[in-house]
$ cat structure-v7.tsv   # TSV, C-alpha atoms
chain	number	residue	atom	x	y	z
A	1	MET	CA	23.12	-5.52	-74.75
A	2	LYS	CA	22.95	-8.53	-72.48
A	3	THR	CA	25.39	-6.88	-70.11
A	4	ARG	CA	23.26	-3.69	-69.93
A	5	LYS	CA	20.12	-5.76	-69.03
A	6	THR	CA	22.00	-7.61	-66.31
A	7	THR	CA	23.26	-4.33	-64.83
A	8	ALA	CA	19.71	-2.88	-64.84
A	9	LYS	CA	18.41	-6.00	-63.05
A	10	ARG	CA	21.17	-5.69	-60.47
A	11	ASN	CA	20.21	-2.05	-59.84
A	12	VAL	CA	16.57	-3.04	-59.31
A	13	PHE	CA	17.58	-5.74	-56.80
A	14	LYS	CA	19.94	-3.30	-55.05
A	15	THR	CA	17.13	-0.75	-54.75
A	16	LEU	CA	14.69	-3.38	-53.46
A	17	GLY	CA	17.29	-4.67	-51.02
A	18	PHE	CA	17.91	-1.16	-49.74
A	19	PHE	CA	14.18	-0.54	-49.14
A	20	SER	CA	13.78	-3.95	-47.47
A	21	LEU	CA	16.67	-3.16	-45.16
A	22	CYS	CA	15.16	0.24	-44.34
A	23	THR	CA	11.80	-1.43	-43.57
A	24	ILE	CA	13.41	-4.04	-41.28
A	25	LEU	CA	15.50	-1.42	-39.47
A	26	GLY	CA	12.42	0.79	-39.14
A	27	LEU	CA	10.47	-2.07	-37.57
A	28	MET	CA	13.27	-2.90	-35.16
A	29	ALA	CA	13.55	0.74	-34.08
A	30	ASN	CA	9.87	0.71	-33.17
A	31	PRO	CA	9.61	-0.04	-29.43
A	32	THR	CA	6.56	-2.26	-29.94
A	33	TYR	CA	8.36	-4.50	-32.48
A	34	GLY	CA	8.05	-8.13	-31.43
A	35	GLN	CA	5.60	-7.31	-28.63
A	36	GLU	CA	1.89	-7.37	-28.37
A	37	ALA	CA	0.18	-4.07	-27.82
A	38	GLU	CA	-0.23	-2.86	-24.25
A	39	ARG	CA	-3.40	-4.10	-22.58
A	40	SER	CA	-5.42	-4.02	-19.43
A	41	ILE	CA	-4.74	-6.87	-16.98
A	42	ALA	CA	-7.21	-8.11	-14.38
A	43	GLY	CA	-6.93	-10.99	-11.98
A	44	VAL	CA	-7.75	-12.69	-8.73
A	45	VAL	CA	-5.48	-13.65	-5.81
A	46	ASN	CA	-6.27	-16.76	-3.77
A	47	SER	CA	-4.69	-18.76	-1.00
A	48	ILE	CA	-5.49	-22.03	0.71
A	49	ASP	CA	-7.95	-20.04	2.83
A	50	GLY	CA	-9.77	-18.50	-0.15
A	51	PRO	CA	-9.60	-15.07	-1.81
A	52	VAL	CA	-6.88	-12.79	-0.42
A	53	SER	CA	-8.26	-9.35	0.28
A	54	GLY	CA	-5.68	-6.57	0.67
A	55	ALA	CA	-2.87	-8.24	-1.28
A	56	THR	CA	-0.56	-5.82	-3.09
A	57	VAL	CA	-0.02	-6.27	-6.83
A	58	ILE	CA	2.92	-4.13	-7.92
A	59	LEU	CA	4.67	-3.72	-11.27
A	60	LYS	CA	8.21	-4.91	-10.57
A	61	GLY	CA	10.77	-2.12	-10.39
A	62	THR	CA	8.14	0.61	-10.07
A	63	SER	CA	5.83	2.00	-7.42
A	64	SER	CA	2.76	1.40	-9.57
A	65	TYR	CA	0.39	-0.92	-7.72
A	66	ILE	CA	-3.15	-1.96	-6.89
A	67	VAL	CA	-4.57	-3.67	-3.78
A	68	THR	CA	-7.00	-6.58	-4.17
A	69	ASP	CA	-10.62	-6.03	-3.15
A	70	ASP	CA	-12.79	-8.08	-0.77
A	71	GLN	CA	-13.06	-10.85	-3.37
A	72	GLY	CA	-9.30	-10.88	-3.98
A	73	GLN	CA	-9.84	-9.27	-7.39
A	74	PHE	CA	-7.94	-6.48	-9.09
A	75	THR	CA	-7.62	-4.59	-12.35
A	76	PHE	CA	-4.13	-3.19	-12.74
A	77	PRO	CA	-4.26	0.62	-13.11
A	78	GLU	CA	-1.76	0.76	-15.97
A	79	LEU	CA	-1.68	-0.95	-19.34
A	80	LEU	CA	0.92	-3.72	-19.33
A	81	LYS	CA	2.93	-5.37	-22.06
A	82	GLU	CA	4.61	-8.72	-22.66
A	83	ASP	CA	7.46	-9.52	-20.22
A	84	ASP	CA	6.27	-7.04	-17.59
A	85	VAL	CA	6.37	-8.70	-14.15
A	86	LEU	CA	3.71	-8.31	-11.48
A	87	VAL	CA	4.81	-9.02	-7.89
A	88	ILE	CA	1.94	-10.21	-5.70
A	89	SER	CA	2.45	-10.12	-1.95
A	90	PHE	CA	0.57	-10.41	1.30
A	91	LEU	CA	2.22	-10.65	4.71
A	92	GLY	CA	2.36	-14.27	5.80
A	93	TYR	CA	2.32	-15.80	2.33
A	94	GLU	CA	5.12	-16.48	-0.13
A	95	THR	CA	5.44	-13.59	-2.59
A	96	ALA	CA	4.54	-14.60	-6.16
A	97	GLU	CA	5.80	-13.17	-9.44
A	98	VAL	CA	3.75	-13.37	-12.63
A	99	VAL	CA	5.30	-12.65	-16.03
A	100	ILE	CA	2.90	-11.13	-18.54
A	101	LYS	CA	2.85	-13.32	-21.63
A	102	GLU	CA	1.88	-12.58	-25.20
A	103	ASP	CA	-1.77	-13.48	-24.59
A	104	THR	CA	-2.19	-12.64	-20.86
A	105	THR	CA	-5.27	-10.62	-19.99
A	106	PHE	CA	-6.32	-12.35	-16.73
A	107	ILE	CA	-4.16	-13.64	-13.87
A	108	ASN	CA	-5.26	-16.32	-11.43
A	109	SER	CA	-2.62	-16.32	-8.71
A	110	SER	CA	-2.44	-18.63	-5.72
A	111	LEU	CA	-0.22	-17.54	-2.83
A	112	GLU	CA	1.54	-20.32	-0.93
A	113	ASP	CA	1.40	-20.41	2.84
A	114	ILE	CA	4.78	-19.79	4.56
A	115	PRO	CA	5.59	-23.14	6.16
A	116	VAL	CA	6.51	-21.99	9.65
A	117	VAL	CA	5.25	-22.71	13.11
A	118	ILE	CA	4.81	-19.65	15.29
A	119	ILE	CA	7.03	-19.71	18.34
A	120	GLY	CA	8.08	-16.94	20.60
A	121	ALA	CA	10.68	-16.03	23.12
A	122	LEU	CA	10.51	-12.34	23.90
A	123	ARG	CA	12.97	-10.52	26.12
A	124	VAL	CA	11.38	-9.39	29.33
A	125	LYS	CA	12.40	-6.79	31.83
A	126	ASP	CA	12.24	-8.04	35.37
A	127	ALA	CA	12.40	-5.35	38.02
A	128	SER	CA	14.35	-7.68	40.29
A	129	VAL	CA	17.09	-8.02	37.69
A	130	THR	CA	19.75	-5.37	37.63
A	131	THR	CA	22.45	-6.52	35.25
A	132	PRO	CA	21.85	-5.97	31.53
A	133	GLU	CA	22.94	-9.51	30.71
A	134	GLU	CA	20.02	-10.87	32.66
A	135	LYS	CA	17.39	-8.72	31.07
A	136	TYR	CA	15.78	-11.44	29.03
B	1	MET	CA	29.63	-23.46	1.49
B	2	LEU	CA	28.48	-21.13	4.24
B	3	PRO	CA	30.94	-18.40	5.18
B	4	LEU	CA	32.51	-18.34	8.60
B	5	GLN	CA	32.37	-15.42	10.97
B	6	ALA	CA	30.34	-13.11	8.76
B	7	GLN	CA	29.61	-10.11	10.96
B	8	GLN	CA	28.76	-6.42	11.05
B	9	SER	CA	32.44	-5.46	11.11
B	10	ASP	CA	32.64	-6.71	7.49
B	11	PHE	CA	30.91	-3.42	6.69
B	12	LYS	CA	33.23	-1.11	8.64
B	13	THR	CA	33.39	1.31	5.72
B	14	ILE	CA	29.60	1.62	5.55
B	15	ASP	CA	27.98	4.38	7.55
B	16	PHE	CA	24.44	3.36	8.53
B	17	THR	CA	23.37	6.89	9.44
B	18	ARG	CA	21.49	7.44	6.19
B	19	ALA	CA	19.74	4.06	6.35
B	20	ASP	CA	18.72	4.74	9.96
B	21	GLN	CA	17.47	8.21	9.06
B	22	ILE	CA	15.35	6.85	6.22
B	23	ALA	CA	13.88	4.19	8.53
B	24	THR	CA	13.15	6.87	11.14
B	25	ALA	CA	11.44	9.04	8.53
B	26	HIS	CA	9.01	6.15	7.89
B	27	LYS	CA	8.20	5.69	11.57
B	28	GLY	CA	4.58	4.84	12.23
B	29	GLU	CA	3.78	3.58	8.73
B	30	GLU	CA	1.43	0.65	8.38
B	31	LEU	CA	2.06	-2.88	7.11
B	32	TYR	CA	-0.93	-3.04	4.79
B	33	ASN	CA	1.16	-2.21	1.75
B	34	LEU	CA	4.49	-3.87	2.35
B	35	PRO	CA	6.04	-3.44	-1.15
B	36	ILE	CA	5.50	0.32	-1.05
B	37	LEU	CA	6.94	0.54	2.48
B	38	VAL	CA	10.00	-1.45	1.37
B	39	PHE	CA	10.31	0.70	-1.76
B	40	GLY	CA	10.37	3.82	0.44
B	41	LEU	CA	12.88	2.31	2.87
B	42	THR	CA	15.35	1.15	0.23
B	43	ARG	CA	15.05	3.08	-3.04
B	44	ASN	CA	17.60	5.76	-2.14
B	45	LEU	CA	20.16	3.33	-0.73
B	46	ASN	CA	22.79	1.78	-2.94
B	47	THR	CA	24.26	-1.18	-1.08
B	48	GLU	CA	22.59	-4.43	-0.01
B	49	VAL	CA	23.66	-3.97	3.60
B	50	GLU	CA	22.20	-0.44	3.79
B	51	LYS	CA	18.90	-1.61	2.28
B	52	PHE	CA	18.73	-4.41	4.85
B	53	ARG	CA	19.77	-2.08	7.63
B	54	SER	CA	16.92	0.29	6.81
B	55	ILE	CA	14.41	-2.59	6.89
B	56	TYR	CA	15.82	-4.06	10.12
B	57	TYR	CA	15.97	-0.68	11.86
B	58	TRP	CA	12.38	0.11	10.83
B	59	VAL	CA	11.07	-3.26	12.07
B	60	CYS	CA	12.91	-2.97	15.39
B	61	HIS	CA	11.52	0.52	16.00
B	62	ASN	CA	7.94	-0.06	14.86
B	63	ILE	CA	6.94	-3.62	15.76
B	64	LYS	CA	6.14	-4.39	19.38
B	65	GLY	CA	6.55	-7.68	21.16
B	66	GLU	CA	3.24	-9.12	22.33
B	67	TYR	CA	3.74	-10.81	25.67
B	68	ASN	CA	0.24	-12.30	25.96
B	69	LEU	CA	0.59	-14.04	22.61
B	70	MET	CA	3.89	-15.49	23.74
B	71	GLN	CA	2.40	-16.79	26.97
B	72	GLU	CA	-0.60	-18.29	25.17
B	73	ASN	CA	1.69	-19.90	22.63
B	74	LEU	CA	3.95	-21.41	25.27
B	75	ARG	CA	1.02	-22.66	27.31
B	76	MET	CA	-0.78	-24.34	24.41
B	77	ARG	CA	2.29	-25.82	22.77
B	78	LYS	CA	3.29	-27.31	26.09
B	79	LYS	CA	-0.22	-28.59	26.73
B	80	LEU	CA	-0.46	-30.16	23.26
B	81	GLN	CA	3.14	-31.30	23.14
B	82	TYR	CA	2.19	-34.95	22.68
B	83	GLU	CA	-1.15	-34.40	20.86
B	84	ILE	CA	0.46	-33.93	17.49
B	85	GLU	CA	-2.63	-33.62	15.28
B	86	GLU	CA	-4.40	-31.31	17.68
B	87	ARG	CA	-1.26	-29.23	18.07
B	88	ILE	CA	-0.81	-28.83	14.31
B	89	ASN	CA	-4.40	-27.59	13.97
B	90	TRP	CA	-3.96	-25.20	16.86
B	91	GLU	CA	-0.66	-23.91	15.43
B	92	GLN	CA	-2.25	-23.27	12.04
B	93	ASN	CA	-5.06	-21.21	13.58
B	94	PHE	CA	-2.64	-19.45	15.90
B	95	LYS	CA	-0.48	-18.48	12.93
B	96	LYS	CA	-3.46	-16.72	11.30
B	97	LEU	CA	-4.21	-14.92	14.55
B	98	VAL	CA	-0.59	-13.80	14.92
B	99	LEU	CA	-0.35	-12.56	11.34
B	100	ASP	CA	-3.65	-10.66	11.64
B	101	LYS	CA	-2.39	-9.04	14.83
B	102	LEU	CA	0.91	-8.15	13.17
B	103	ARG	CA	-0.83	-6.57	10.18
B	104	SER	CA	-3.42	-4.66	12.15
B	105	ASP	CA	-1.64	-3.75	15.42
B	106	LYS	CA	2.06	-4.12	14.52
B	107	GLU	CA	2.49	-6.43	17.52
B	108	THR	CA	3.90	-9.92	17.35
B	109	LEU	CA	6.25	-12.52	18.75
B	110	CYS	CA	9.52	-13.79	17.38
B	111	THR	CA	8.34	-15.80	14.38
B	112	GLY	CA	6.24	-12.79	13.37
B	113	TYR	CA	9.36	-10.62	13.45
B	114	ALA	CA	11.25	-13.24	11.43
B	115	ILE	CA	8.48	-13.57	8.83
B	116	LEU	CA	8.27	-9.80	8.44
B	117	ILE	CA	12.04	-9.36	8.10
B	118	GLN	CA	12.15	-12.17	5.52
B	119	GLN	CA	9.28	-10.83	3.48
B	120	MET	CA	10.55	-7.23	3.48
B	121	ALA	CA	14.09	-8.33	2.60
B	122	GLN	CA	12.79	-10.46	-0.27
B	123	LEU	CA	10.77	-7.52	-1.58
B	124	ALA	CA	14.04	-5.56	-1.60
B	125	GLY	CA	15.57	-8.34	-3.71
B	126	LEU	CA	17.59	-9.89	-0.88
B	127	GLU	CA	17.78	-13.59	0.02
B	128	CYS	CA	16.65	-14.15	3.59
B	129	LYS	CA	15.79	-17.20	5.70
B	130	ILE	CA	13.81	-17.81	8.84
B	131	ILE	CA	15.90	-19.84	11.28
B	132	ASN	CA	14.09	-21.78	14.00
B	133	GLY	CA	15.81	-23.01	17.08
B	134	TYR	CA	16.42	-22.48	20.74
B	135	GLY	CA	16.88	-19.13	22.37
B	136	ARG	CA	18.39	-18.93	25.79
B	137	LEU	CA	16.39	-16.72	28.09
B	138	ASN	CA	17.94	-15.99	31.46
B	139	ARG	CA	15.97	-16.51	34.64
B	140	ILE	CA	13.55	-18.87	32.93
B	141	LYS	CA	14.00	-22.52	33.68
B	142	MET	CA	14.96	-24.65	30.74
B	143	ASP	CA	14.97	-28.39	30.31
B	144	ASN	CA	16.09	-30.70	27.61
B	145	ILE	CA	12.93	-32.14	26.12
B	146	GLY	CA	11.28	-29.18	24.58
B	147	LEU	CA	10.18	-27.86	21.26
B	148	PRO	CA	12.07	-25.00	19.62
B	149	ASN	CA	11.21	-21.69	21.28
B	150	HIS	CA	12.71	-18.99	19.07
B	151	SER	CA	13.03	-17.74	15.48
B	152	TRP	CA	15.48	-15.33	13.89
B	153	ASN	CA	16.89	-14.61	10.43
B	154	ALA	CA	19.87	-15.29	8.22
B	155	ILE	CA	20.39	-12.69	5.52
B	156	LYS	CA	22.59	-12.98	2.44
B	157	LEU	CA	24.57	-9.81	1.74
B	158	ASN	CA	27.18	-9.61	-1.03
B	159	GLY	CA	27.11	-13.40	-1.31
B	160	LYS	CA	27.69	-14.11	2.42
B	161	TRP	CA	25.20	-15.18	5.06
B	162	TYR	CA	24.82	-13.16	8.28
B	163	LEU	CA	22.73	-13.61	11.42
B	164	CYS	CA	20.37	-11.21	13.12
B	165	ASP	CA	17.58	-11.28	15.69
B	166	ALA	CA	15.03	-8.49	15.29
B	167	THR	CA	12.95	-9.76	18.23
B	168	TRP	CA	15.72	-9.29	20.71
B	169	SER	CA	16.97	-6.08	19.06
B	170	SER	CA	13.59	-4.40	19.32
B	171	GLY	CA	13.08	-4.12	23.07
B	172	LEU	CA	11.75	-5.64	26.26
B	173	THR	CA	8.44	-6.40	27.90
B	174	ASP	CA	8.02	-5.18	31.45
B	175	VAL	CA	6.59	-8.22	33.24
B	176	SER	CA	5.06	-6.08	35.95
B	177	SER	CA	2.87	-4.16	33.49
B	178	TYR	CA	3.03	-6.47	30.43
B	179	LEU	CA	3.85	-3.38	28.40
B	180	PHE	CA	6.44	-3.51	25.66
B	181	GLU	CA	9.21	-0.92	25.68
B	182	PHE	CA	11.26	-0.21	22.57
B	183	ASP	CA	14.93	-0.48	23.56
B	184	TYR	CA	16.97	-1.02	20.40
B	185	ASP	CA	19.95	-3.33	20.84
B	186	ASP	CA	22.23	-3.06	17.84
B	187	SER	CA	24.39	-6.00	18.90
B	188	TYR	CA	21.99	-8.53	17.34
B	189	PHE	CA	22.32	-6.90	13.92
B	190	LEU	CA	24.77	-9.06	11.91
B	191	MET	CA	26.27	-10.36	15.16
B	192	GLU	CA	29.42	-12.44	15.03
B	193	PRO	CA	28.26	-16.10	14.85
B	194	ILE	CA	30.27	-17.28	17.88
B	195	GLU	CA	28.74	-14.51	19.98
B	196	PHE	CA	25.29	-15.23	18.51
B	197	ALA	CA	25.67	-18.94	19.38
B	198	LYS	CA	25.95	-18.10	23.08
B	199	ASN	CA	22.18	-17.76	23.25
B	200	HIS	CA	20.92	-19.03	19.89
B	201	ARG	CA	21.05	-22.60	18.65
B	202	PRO	CA	19.43	-23.38	15.28
B	203	ILE	CA	17.68	-26.71	14.71
B	204	GLU	CA	19.85	-27.09	11.62
B	205	ALA	CA	23.37	-26.71	13.00
B	206	THR	CA	24.67	-25.38	9.67
B	207	TRP	CA	22.81	-22.14	10.29
B	208	ALA	CA	24.97	-21.37	13.31
B	209	LEU	CA	27.46	-20.36	10.57
B	210	ILE	CA	30.31	-21.84	12.56
B	211	THR	CA	32.07	-25.14	12.08
B	212	GLN	CA	31.74	-26.26	15.69
B	213	PRO	CA	28.49	-25.02	17.28
B	214	GLN	CA	29.21	-23.43	20.64
B	215	THR	CA	27.05	-25.47	22.95
B	216	SER	CA	28.52	-24.77	26.34
B	217	GLU	CA	26.32	-21.80	27.10
B	218	LEU	CA	23.22	-23.73	26.12
B	219	GLY	CA	24.19	-26.83	28.02
B	220	GLY	CA	24.68	-28.96	24.90
B	221	VAL	CA	21.08	-30.02	24.68
B	222	PRO	CA	17.91	-28.58	23.20
B	223	THR	CA	16.15	-26.31	25.62
B	224	LYS	CA	12.67	-24.95	26.01
B	225	LEU	CA	10.79	-22.56	28.16
B	226	ASP	CA	9.22	-24.29	31.07

$ encode --input "structure-v7.tsv" --output "structure tokens"
Amino acid sequence: MKTRKTTAKRNVFKTLGFFSLCTILGLMANPTYGQEAERSIAGVVNSIDGPVSGATVILKGTSSYIVTDDQGQFTFPELLKEDDVLVISFLGYETAEVVIKEDTTFINSSLEDIPVVIIGALRVKDASVTTPEEKY
Amino acid sequence: MLPLQAQQSDFKTIDFTRADQIATAHKGEELYNLPILVFGLTRNLNTEVEKFRSIYYWVCHNIKGEYNLMQENLRMRKKLQYEIEERINWEQNFKKLVLDKLRSDKETLCTGYAILIQQMAQLAGLECKIINGYGRLNRIKMDNIGLPNHSWNAIKLNGKWYLCDATWSSGLTDVSSYLFEFDYDDSYFLMEPIEFAKNHRPIEATWALITQPQTSELGGVPTKLD
């Protein structure tokens, strides 16, 4: 009698275990498991000189992008999810990368100035010079 | 440890025809959306050197040298050589002017070329540096007290650093008309460091990529345009 009860209990636990396993596997197979739902991301891009108008904000590894408006603001045209990376660039500033976190809905990005001094030595063509080596 | 004698011949097996064709197909495109331009120049190329080649070739065939900016820069930097604070302010404003001109007119001078090459290479996932130093320009008097006068790039391909000079690859300015003429010179693309050192000397000697910098051609001292 006692043995029969124990066997029945075991069967119940086995069945429960099987369903639990199925549930866990089902969750893991779902692409959104462990991630927040996709959401709209807005933001503003600044530099030491103020808002950066015309900066490109691109989803890394794709050609999906938006350009910042006159106030340096943008709303990304696609819904984004956790761990997506936005690459923010504008010629003359260091390119920035922003990783979308679990709770990101707004990005405030500041682009660093490229620390260079402009110098210039262009090659020139002098009509009085005939040899190629001297055409600087 | 920087590699020695990294040069274009390391890529003998690579045919640049496809990279050059892709760059040519993008001729005339604007700089307002650099990531998309870089995406177009590199997405169908598989190797790092081809991606960089496409970028370099595009820059050298689409960005003009701006002689007046160079003259203004030389004049003011010489004038303010000993007025450090004033010079720094002027340089900061001049940088904005140069970058605006590059974005809007695709005209620049050497640091503009170097910034553009660096930024485009980085957007393609490549490590690239701007190297400042002294460029030897024939027929222009040099002396030994000056500020650096030239910028170029070092690019890391397959783990090795290489040298290139997009400014001098792109073409020449006719001094009689002040007009720029595209005249692509491939020799400055991944040039052998010893050859490169004949008319380029970096401020940081390491970036010559040779153990003993070749100084004879440059006279062994820093030079500047006079």

$ atom_distance --input "structure-v7.tsv" --atom1 "atom CA of Leu126 of chain B" --atom2 "atom CA of Arg201 of chain B"
23.6 Å

$ atom_distance --input "structure-v7.tsv" --atom1 "atom CA of Arg39 of chain A" --atom2 "atom CA of Phe106 of chain A"
10.5 Å

$ atom_distance --input "structure-v7.tsv" --atom1 "atom CA of Gly120 of chain A" --atom2 "atom CA of Val175 of chain B"
15.4 Å

$ interface_residues --input "structure-v7.tsv" --of "chain A" --to "chain B" --cutoff "7 Å" --atoms "only C-alpha atoms" --output "list in words"
Thr56, Ser63, Gly92, Val117, Ile118, Ile119, Gly120, Ala121, Leu122, Arg123, Val124, Lys125, Asp126, Glu134 and Tyr136 of chain A
